Every structure is written in C-alpha cells, then in structure tokens.
Amino acid sequence: MNSILVRHKWEPYLWILPSLLLMAVFVVFPIGIVFKIAFSEVSKSGVVGAFNGLANFRAAVNEPAFGTVMSNTFYWVVSVVGISTLLGFIAAMVLNQSFHGRKLARSILVFPWAAALVIQASIWNYIIKFEYGNLNNILLNLGILRDAVNWRTSYQIEFIWECGVGIFVTIPFVTFCVLSGLQSIDAAYYEAATVDGAGFWKKLSTITVPLVKPSLTVSTVLNIIYVFNSFPIIYTITKGAPANKTDTLVTYLYMLAFYDQKKGQATALSVIGFLILCAAAGLYMTITMRKEDEL
Amino acid sequence: MKKAVALFLTLLLLLSASSFALAEDITLDVIICQYGPNTSDWFTGTGMDGTSFVKKFEEANPGIKLNLEVVSWNDVYTVVSTRISNSNPPDILNIDVFANYASEGLLMPVTDYCPEELYDDFFPAFMQNSVVDGVVYAVPDLASARALFYNVDMFEEVGIEVPQTWAELEDACQAILDFYGGDVYPFGMDMTTDEGQANFAYFAWGNNGGFVDADDNWAVNSDENVEAIEFVMGMVEKGYTNPNPATQTRYDLQDMFGAGKLAMVIAPNSVPTYLTDKGYTDINYATAGLPHNEGATGSSVGIMDRIMAFKDDSAPDQAARNEAIGKFLTFFYDPVNYVDWVSMEGFLPAVNSAVGALIEADPSFESWLDVLNTSKFYPSHKAEWDQVKLGVINVQQNALTGGDVKTLLDGLQAELTK
C-alpha cells in the first residue's frame, strides 16, 4: 500500500516531464532570452553585450516609423478581429440552419483555414496583381471591365487589401467556434420563446448571443493573439513597403532585426508586443468573465 | 508492462536529447548562398557530373569533412546573425556583406588561411573592396555587372534609338508610352528592400554622385544625389515606370521584360540565363550602357559577393583548421570546378585563371569583363553599409509617398554622421 502511494507521488510528474521539457526549451527559455537581449547591447552582427537598461526601448520608440507601425497594428487587429467575428458569426448562424448541401458548405468553409497562410497570401498577392492578376483577367473576360484596373494604386489601398485577406482567412475559425456553441444550445429554448411570441432579433439577443458567448470569448482572445502576431500576409504582399507604411509590429520588428541589423530594438519591440498581448487578452477575459458572473 | 515500456521510451527520449558525437576529422561548417536553381544540386546533390562538390572535395581531401548548407538569400542574414548570437558562426561563409563582421573582430584575415598562389589569382580590384583598416578579410566568389536591357523589336516598332542620357531616356519613355498606350511599361524600377539600393546607385552614379565622397566619407545627401533621385521620382510620376516600384522586385521586372510587358530594365549579366531558364524564348533583346545625366560620365554598377572565414577559438588545432579552409578555397577556385560553377549560374569570375576557359566557352563573356573593369562597386567595406543600403531604399520609398528628397537624404546623412 505504502509503496503504491509513494510511486503515485512522483509518477505523474515523470509522465508530464517530456512536455514540460519541451515547453521549457521551446517556450519559456526563448522568452527569457528575448527579455535578456532586450535589456542588453547588441552589435550589428548579433553579438550580445552588456546590460544597457532601457536604451533599446528608447531607441525603438524614437524611430520615426514607430507611430505609423503602432497605429497600423491597431487598425489591423481591430478590423480583422472585429469584422471576421461579425461575418463568422453570421456564417455560423447560416450553417446552423438545415438545408441541402450544408455539409458541403461547411467543408468548403474549412479550405481557407486549412491552407497554409503564406500560400494563401501569395495567391492573393497574385490575384490582385495589376499586370497578370486573376481578378483583372476574370473581370476583363466577363466584360465587366474594359481596361485592367490597378487594384493597388496606393499603400493605403494595399493595406486595406491585406486586412481583407486577414479577414478572409480568419472567418472559418470564428465560424467553427461559434457553430460549436450554437449546436450545444437546446432547441427547447427557441421553441419556448416562439410560443411566447419572440421574434428573430429577440431570440438572437436573449438566447443565442448569451449562450454562445463562451465560444465567442475563446475565439476572440485567440484571434487577437493570432492576428496581432500574424506575419505572412503582410510580409508576402507588401513587406511593409513603402517605407514601413504598411508594416505591423511583427513585420516591422522582423525587418528591424534582420534587415536593419538593429536587433536590440527589435527584441525590445517584441517585449512590448508581448506585454500588449498579455494586457489585451487579460483585459478581455476579465471583462467577459465578470459579465458572465453577473448573469 | 506497458508502463515499463513507456517509461523506457521516455528515458530514451531524454537521453537522445543529450547525444554527442565523437570528432576525429576536421569538420568545416560552410554556408553557401543560393544563386539559382542549380546551386543546391551542384554543391550537395548530383549536379557536378553526377556527384556533388562536397563528395568530390571529401574524396580529394581525406581528413576534412564539410557540413555544407545552401541557404537562400532571403534567409541567409537571419541564419548567420542567429548563429553569431548563439556564438556558433559558420567556419566559412558566402555572403555579400563583411564589414560588420570584420570590424567586430569575428573574421580571420585572408592571409591566415589563403595559399599565396590563390591569393595572387584574385582580381586585385576586387580584393581592395574587401579591406578594413588595411587588412583583407574576404575573397570574392563571383561578380556580376549591370547593363540596360532593351526590347529590340519594340524600339524598332516605335522608331527610337537606345537612350544614352537621361533626357533621351525620358524621350524614349514618352515615345513608348504614346505608341503602346500604356500596355507596355517603358522603364523598370525596383525600389524594394530586395535591391532598391541598386536603383539608387544607377542614378546617383549616373549623375557623378554616389554613396561616398572622394575621401571615402559618407555623402548620401550630395546635390548630385538629390538631383538624381528627383529625376527618378519624376520618371515615376510621369508614368514611365512600372506602377508599384516599392513592391515590384527585379525578378518581377525581369519576368515583365521577358513577357514583353516592359521595354527597358537595368539588370545583371545573368539575365539571359534567367530568361532561358524561365522559358521566355521569343523575346529579342540587346544590352547597352546605363543612361547617365548630360555631362556626367557613365559607369556600370558591379556587384560582388564574398567568401570569408570566421574565427573559432575553440578549435583544438588552429593551424590545421586554417589549412583545411585553405584547401576548401583551393578546391573551389580550381578552374576545373570554378568555371563550371560560374558559367552554370551565369556570373562573372573573380580569378584570372578562369578567364581563358570562360571566354573560350562563351565569347560574349569578354565584353562583360570589360564592363566589369569600368564598374563601380558598393562601399560595402564600410561598417555602416547595411544601414546605408536600407537608408537609401527607405528614402526612395518615402519619396514615392510624397516625401521631399533633399530632406530625406539630409536626414539619412545626419544619422550616418551622428
């Protein structure tokens, strides 16, 4: 009896040791290194030197592009997460109805999510090309356009395209999160509401939304993290050009680290990004949890 | 039983993480940049007469092993700086920049490992470009020179001559624009982070400006440069160029040129190889010197890449290591191997011993060697070069979105002389 108890004490830890080790090596350790580098002097070649306090942070914030990049990041996250959540919610409502070909519709929706992001970004980059882009070709062949249109005449428009691609690839994730929430709602609620004379909007606001809220919370928090950290779309389509005007924090810090050879500043920015994400995710979760408690 | 097996496997996993290797031979870590579709196959596959460079080298040099990795140009800076940050730089590196590594004391002087016979074989002008504080820290692996490629059929159809000055260039662009009504871009420009510094060089040098002054000090905001970049922006504004110079790379331009969508582009001597490899066979083109401003002397732009060796204080036998590096270089630059390599990728050689064989194989090489002789090179021996490279790209991209050229160049100069 005694020996079993003893064995039980250390055994669970042994079983989770490999995954703990993996986490330590690939998650915790790199984060520690980033924090260390962010507060150290880094040479252009990448040699890490002495502790230099907040110098990297100061230099990063004083770069002329910093303001543009931060506001781009804000617009990028808010528009992609906001619009894809709205559209994903609507798509989930539609897919929750029973209709012919629903299975097919659901599987088609998975495609944008299942394909690698960098491939999708390259394809979209090709679609909106002026010279040989598919969009122009299709519209010209259908007779809708007479002359090819340059779909990326300015960097503002290119940034809107990038947000559009971001929304396109994020919708499936939201849809499936919400769909799983919708399917767990007992049909009896709706029947009772119908008997009481509630219309579509009333049912939506008093039954559907409150009950899928946990799913929405999960998808929104994860999306904020994914979209904030999303690199391939912007890097593939514009690489932040011209002059960092379409960069977000992540693509910008990559360029800083590996093109500008300013690794100290780049690590400082990634620490800032990490803290922003922690704060944003934490804030969102506290707010939604508190509201759920009030219910 | 199952638990015991699982436990055993878990322990095995932990053990394997700490595996180690016994080393008897000298192993050299080598990083080579990917110049084209054949690079990997030649070095590590079967592209060298059915075998690979690595195999052939190891057979010829027992006791030396190569851990050779071919890395794309997009990734190589990331790979190298990550390895340096982790105190694990390669032994031998092929890349374009070297001054940062040299000035931080990471590189060995070439004379430490390069046999004298080979050293004297390099074109002296190339070696002078790899000097920091009087010491040569890298050897050239190959070079390329730039020329104006133009579509001969289009020029005949429109009825124009090849432009030599900027005024003629603008006239030619206008004529092409009028004739094709916007279906053909007259002139290609790449201001992307891929190679925007080349565009700056084509026009700054074509106006007697440049990156440095006569005393080799940074002078990016000279009046000549301001005039040159204002001319460039004028070309874009008038619609003489491809519409998105900030995102369209030279490879996009070369494709447009091959497809007959672009009438002129400044590009390296490897373009014929590129066009053939990509299947653009029905285009009739020729080359000419780069257009320059009236009264300025025209010059070509030469691009040179390098091979360098990093210090490794942990190596047990420094002399043996140096000798191994020397053997690698001797083998690589042996005309039997080197001529194959240079001509495969469509580049120009960096050693005298290869010239004869290359001209014999392709007589057009000779004219390119002449171009190379009159070429100017980037000041990549200066430690701030990569800052300048990015800086002039940034200036051009900012000017595209309405920034004032003089203010932008003054800003960059101020940052450099800070």
# chains A, B, ... in the order shown; residues from 1 in each chain; ligands from 1
>>> residues_around(residues="Ala138 in chain B", least_positions_apart="4", cutoff="6 Å", atoms="only C-alpha atoms", output="ChimeraX atom specification")
/B:130,307-308
>>> write_last_selection(atoms="N, CA and C atoms", output="CSV table (one decimal), in the first residue's frame")
chain,number,residue,atom,x,y,z
B,130,SER,N,37.6,44.5,-50.2
B,130,SER,CA,37.3,43.7,-49.0
B,130,SER,C,38.3,44.1,-47.9
B,307,ILE,N,33.5,35.3,-50.0
B,307,ILE,CA,33.7,34.2,-49.1
B,307,ILE,C,34.6,34.6,-48.0
B,308,MET,N,34.2,34.3,-46.7
B,308,MET,CA,35.0,34.7,-45.6
B,308,MET,C,35.1,33.6,-44.6
>>> residues_around(residues="range 97-114 of chain B", least_positions_apart="5", cutoff="7 Å", atoms="only C-alpha atoms", output="list of chain:residue names")
A:Lys44, A:Ser45, B:Tyr119, B:Val132, B:Val135, B:Val136, B:Tyr137, B:Ala138, B:Ala309, B:Phe310, B:Lys311, B:Asn322, B:Glu323, B:Ile325, B:Gly326, B:Ser380, B:His381, B:Lys382, B:Ala383
>>> interface_residues(of="chain A", to="chain B", cutoff="7 Å", atoms="only C-alpha atoms", output="ChimeraX atom specification")
/A:44-48,238,241-243,258,260
>>> write_last_selection(atoms="N, CA and C atoms", output="PDB file, in the first residue's frame")
ATOM      1  N   LYS A  44      25.807  44.905 -34.446  1.00  0.00           N
ATOM      2  CA  LYS A  44      25.147  44.699 -35.729  1.00  0.00           C
ATOM      3  C   LYS A  44      25.205  43.252 -36.188  1.00  0.00           C
ATOM      4  N   SER A  45      26.319  42.586 -35.871  1.00  0.00           N
ATOM      5  CA  SER A  45      26.432  41.194 -36.287  1.00  0.00           C
ATOM      6  C   SER A  45      25.611  40.269 -35.410  1.00  0.00           C
ATOM      7  N   GLY A  46      25.176  40.767 -34.262  1.00  0.00           N
ATOM      8  CA  GLY A  46      24.349  39.946 -33.394  1.00  0.00           C
ATOM      9  C   GLY A  46      25.030  39.523 -32.111  1.00  0.00           C
ATOM     10  N   VAL A  47      26.232  40.048 -31.849  1.00  0.00           N
ATOM     11  CA  VAL A  47      26.909  39.694 -30.599  1.00  0.00           C
ATOM     12  C   VAL A  47      26.227  40.422 -29.444  1.00  0.00           C
ATOM     13  N   VAL A  48      25.782  39.650 -28.433  1.00  0.00           N
ATOM     14  CA  VAL A  48      25.064  40.241 -27.313  1.00  0.00           C
ATOM     15  C   VAL A  48      26.067  40.712 -26.272  1.00  0.00           C
ATOM     16  N   THR A 238       3.248  43.110 -49.163  1.00  0.00           N
ATOM     17  CA  THR A 238       3.957  44.385 -49.333  1.00  0.00           C
ATOM     18  C   THR A 238       5.313  44.439 -48.631  1.00  0.00           C
ATOM     19  N   ALA A 241       6.378  47.780 -47.274  1.00  0.00           N
ATOM     20  CA  ALA A 241       6.692  48.906 -48.142  1.00  0.00           C
ATOM     21  C   ALA A 241       5.414  49.675 -48.477  1.00  0.00           C
ATOM     22  N   PRO A 242       5.507  50.926 -48.854  1.00  0.00           N
ATOM     23  CA  PRO A 242       6.706  51.746 -48.878  1.00  0.00           C
ATOM     24  C   PRO A 242       7.080  52.313 -47.508  1.00  0.00           C
ATOM     25  N   ALA A 243       8.356  52.230 -47.207  1.00  0.00           N
ATOM     26  CA  ALA A 243       8.923  52.846 -46.012  1.00  0.00           C
ATOM     27  C   ALA A 243       8.108  52.566 -44.750  1.00  0.00           C
ATOM     28  N   PHE A 258      16.466  41.765 -38.944  1.00  0.00           N
ATOM     29  CA  PHE A 258      17.221  41.018 -39.940  1.00  0.00           C
ATOM     30  C   PHE A 258      17.561  41.810 -41.189  1.00  0.00           C
ATOM     31  N   ASP A 260      17.650  45.726 -40.961  1.00  0.00           N
ATOM     32  CA  ASP A 260      18.324  46.907 -40.417  1.00  0.00           C
ATOM     33  C   ASP A 260      19.452  46.551 -39.455  1.00  0.00           C
TER      34      ASP A 260
END
>>> closest_residue(among="B:Gly47, B:Pro363, B:Gly298, B:Gly403", to="Trp205 in chain B", atoms="only C-alpha atoms")
B:Gly298
>>> select_by_dssp(residues="range 230-418 of chain B", states="strand (DSSP E or B)", output="ChimeraX atom specification")
/B:241,262-268,285-288,292,300-310,348,351,375-377
>>> closest_residue(among="A:Leu269, A:Ile31, A:Val250, A:Leu109", to="Ile225 in chain A", atoms="only C-alpha atoms")
A:Val250
>>> atom_distance(atom1="CA of Met289 in chain A", atom2="CA of Val209 in chain A")
14.8 Å
>>> closest_residue(among="B:Ile26, B:Val236, B:Val226, B:Val336", to="Asn61 in chain B", atoms="only C-alpha atoms")
B:Ile26
>>> select_by_dssp(residues="range 33-249 of chain A", states="helix (DSSP H, G or I)", output="VMD selection string")
chain A and resid 33 to 38 55 to 62 66 to 96 102 to 114 117 to 127 134 to 141 155 to 183 187 to 195 200 to 228 232 to 237 249
>>> atom_distance(atom1="CA of Tyr235 in chain A", atom2="CA of Ala266 in chain A")
16.1 Å
>>> closest_residue(among="A:Gln120, A:Ile37, A:Asn72, A:Tyr190", to="Ala55 in chain A", atoms="only C-alpha atoms")
A:Ile37
>>> closest_atom_pairs(of="range 230-286 of chain B", to="range 338-359 of chain B", cutoff="9 Å", atoms="only C-alpha atoms", output="tab-separated table")
residue	atom	partner	partner_atom	distance
B:Pro268	CA	B:Phe347	CA	8.6
B:Asn269	CA	B:Phe347	CA	6.9
B:Ser270	CA	B:Gly346	CA	4.7
B:Val271	CA	B:Gly346	CA	8.1
B:Pro272	CA	B:Gly346	CA	8.1
B:Thr273	CA	B:Gly346	CA	6.1
B:Tyr274	CA	B:Gly346	CA	8.4
>>> residues_around(residues="Phe57 in chain B", least_positions_apart="2", cutoff="10 Å", atoms="only C-alpha atoms", output="list in words")
Ser52, Phe53, Val54, Lys55, Glu59, Ala60, Asn61, Pro62, Ile64, Lys65, Leu66, Lys327, Phe328, Phe331 and Phe332 of chain B
>>> write_last_selection(atoms="N, CA and C atoms", output="PDB file, in the first residue's frame")
ATOM      1  N   SER B  52      28.613  15.438 -56.224  1.00  0.00           N
ATOM      2  CA  SER B  52      28.449  16.770 -55.653  1.00  0.00           C
ATOM      3  C   SER B  52      29.809  17.349 -55.281  1.00  0.00           C
ATOM      4  N   PHE B  53      29.807  18.650 -55.115  1.00  0.00           N
ATOM      5  CA  PHE B  53      31.023  19.340 -54.694  1.00  0.00           C
ATOM      6  C   PHE B  53      31.540  18.746 -53.387  1.00  0.00           C
ATOM      7  N   VAL B  54      30.615  18.541 -52.432  1.00  0.00           N
ATOM      8  CA  VAL B  54      31.020  18.058 -51.116  1.00  0.00           C
ATOM      9  C   VAL B  54      31.712  16.705 -51.229  1.00  0.00           C
ATOM     10  N   LYS B  55      31.089  15.770 -51.991  1.00  0.00           N
ATOM     11  CA  LYS B  55      31.672  14.427 -52.133  1.00  0.00           C
ATOM     12  C   LYS B  55      33.041  14.504 -52.791  1.00  0.00           C
ATOM     13  N   GLU B  59      36.574  13.412 -51.068  1.00  0.00           N
ATOM     14  CA  GLU B  59      37.426  12.369 -51.654  1.00  0.00           C
ATOM     15  C   GLU B  59      38.844  12.886 -51.877  1.00  0.00           C
ATOM     16  N   ALA B  60      38.937  14.124 -52.343  1.00  0.00           N
ATOM     17  CA  ALA B  60      40.246  14.689 -52.663  1.00  0.00           C
ATOM     18  C   ALA B  60      41.010  15.119 -51.415  1.00  0.00           C
ATOM     19  N   ASN B  61      40.283  15.352 -50.312  1.00  0.00           N
ATOM     20  CA  ASN B  61      40.926  15.849 -49.092  1.00  0.00           C
ATOM     21  C   ASN B  61      40.543  15.002 -47.885  1.00  0.00           C
ATOM     22  N   PRO B  62      41.117  13.814 -47.753  1.00  0.00           N
ATOM     23  CA  PRO B  62      40.770  12.969 -46.613  1.00  0.00           C
ATOM     24  C   PRO B  62      41.112  13.681 -45.300  1.00  0.00           C
ATOM     25  N   ILE B  64      39.155  15.889 -43.941  1.00  0.00           N
ATOM     26  CA  ILE B  64      38.345  17.108 -43.835  1.00  0.00           C
ATOM     27  C   ILE B  64      36.922  16.770 -44.266  1.00  0.00           C
ATOM     28  N   LYS B  65      35.994  17.082 -43.385  1.00  0.00           N
ATOM     29  CA  LYS B  65      34.577  16.873 -43.705  1.00  0.00           C
ATOM     30  C   LYS B  65      33.902  18.227 -43.861  1.00  0.00           C
ATOM     31  N   LEU B  66      32.960  18.277 -44.800  1.00  0.00           N
ATOM     32  CA  LEU B  66      32.224  19.526 -44.992  1.00  0.00           C
ATOM     33  C   LEU B  66      30.798  19.350 -44.499  1.00  0.00           C
ATOM     34  N   LYS B 327      42.408  24.665 -48.144  1.00  0.00           N
ATOM     35  CA  LYS B 327      42.168  23.584 -49.103  1.00  0.00           C
ATOM     36  C   LYS B 327      40.781  23.715 -49.735  1.00  0.00           C
ATOM     37  N   PHE B 328      39.820  24.136 -48.900  1.00  0.00           N
ATOM     38  CA  PHE B 328      38.473  24.345 -49.436  1.00  0.00           C
ATOM     39  C   PHE B 328      38.518  25.388 -50.556  1.00  0.00           C
ATOM     40  N   PHE B 331      40.297  24.193 -53.729  1.00  0.00           N
ATOM     41  CA  PHE B 331      39.471  23.260 -54.481  1.00  0.00           C
ATOM     42  C   PHE B 331      38.353  23.999 -55.220  1.00  0.00           C
ATOM     43  N   PHE B 332      37.729  24.948 -54.517  1.00  0.00           N
ATOM     44  CA  PHE B 332      36.614  25.693 -55.120  1.00  0.00           C
ATOM     45  C   PHE B 332      37.078  26.499 -56.333  1.00  0.00           C
TER      46      PHE B 332
END
>>> residues_around(residues="range 123-132 of chain A", least_positions_apart="3", cutoff="6 Å", atoms="only C-alpha atoms", output="PyMOL selection string")
chain A and resi 120+135+150+237
>>> closest_residue(among="A:Thr85, A:Thr251, A:Ser79, A:Asn244", to="Thr175 in chain A", atoms="only C-alpha atoms")
A:Thr85
>>> atom_distance(atom1="CA of Ala296 in chain B", atom2="CA of Asn207 in chain B")
5.4 Å
>>> residues_around(residues="range 31-44 of chain B", least_positions_apart="6", cutoff="6 Å", atoms="only C-alpha atoms", output="MDAnalysis selection string")
chainID B and resid 52:53 68:73 93:94
>>> write_last_selection(atoms="N, CA and C atoms", output="PDB file, in the first residue's frame")
ATOM      1  N   SER B  52      28.613  15.438 -56.224  1.00  0.00           N
ATOM      2  CA  SER B  52      28.449  16.770 -55.653  1.00  0.00           C
ATOM      3  C   SER B  52      29.809  17.349 -55.281  1.00  0.00           C
ATOM      4  N   PHE B  53      29.807  18.650 -55.115  1.00  0.00           N
ATOM      5  CA  PHE B  53      31.023  19.340 -54.694  1.00  0.00           C
ATOM      6  C   PHE B  53      31.540  18.746 -53.387  1.00  0.00           C
ATOM      7  N   LEU B  68      28.061  21.316 -45.273  1.00  0.00           N
ATOM      8  CA  LEU B  68      27.756  22.443 -46.158  1.00  0.00           C
ATOM      9  C   LEU B  68      26.250  22.606 -46.323  1.00  0.00           C
ATOM     10  N   GLU B  69      25.826  23.853 -46.173  1.00  0.00           N
ATOM     11  CA  GLU B  69      24.405  24.156 -46.233  1.00  0.00           C
ATOM     12  C   GLU B  69      24.200  25.251 -47.275  1.00  0.00           C
ATOM     13  N   VAL B  70      23.276  25.031 -48.191  1.00  0.00           N
ATOM     14  CA  VAL B  70      22.939  26.074 -49.163  1.00  0.00           C
ATOM     15  C   VAL B  70      21.704  26.809 -48.647  1.00  0.00           C
ATOM     16  N   VAL B  71      21.830  28.130 -48.459  1.00  0.00           N
ATOM     17  CA  VAL B  71      20.760  28.916 -47.850  1.00  0.00           C
ATOM     18  C   VAL B  71      20.308  29.986 -48.845  1.00  0.00           C
ATOM     19  N   SER B  72      19.025  30.259 -48.903  1.00  0.00           N
ATOM     20  CA  SER B  72      18.534  31.265 -49.848  1.00  0.00           C
ATOM     21  C   SER B  72      18.941  32.665 -49.384  1.00  0.00           C
ATOM     22  N   TRP B  73      19.043  33.566 -50.336  1.00  0.00           N
ATOM     23  CA  TRP B  73      19.436  34.938 -49.994  1.00  0.00           C
ATOM     24  C   TRP B  73      18.469  35.572 -49.020  1.00  0.00           C
ATOM     25  N   LEU B  93      31.791  31.305 -44.762  1.00  0.00           N
ATOM     26  CA  LEU B  93      30.511  31.908 -45.126  1.00  0.00           C
ATOM     27  C   LEU B  93      30.613  32.581 -46.485  1.00  0.00           C
ATOM     28  N   ASN B  94      29.599  32.353 -47.304  1.00  0.00           N
ATOM     29  CA  ASN B  94      29.489  33.023 -48.595  1.00  0.00           C
ATOM     30  C   ASN B  94      28.308  33.992 -48.501  1.00  0.00           C
TER      31      ASN B  94
END
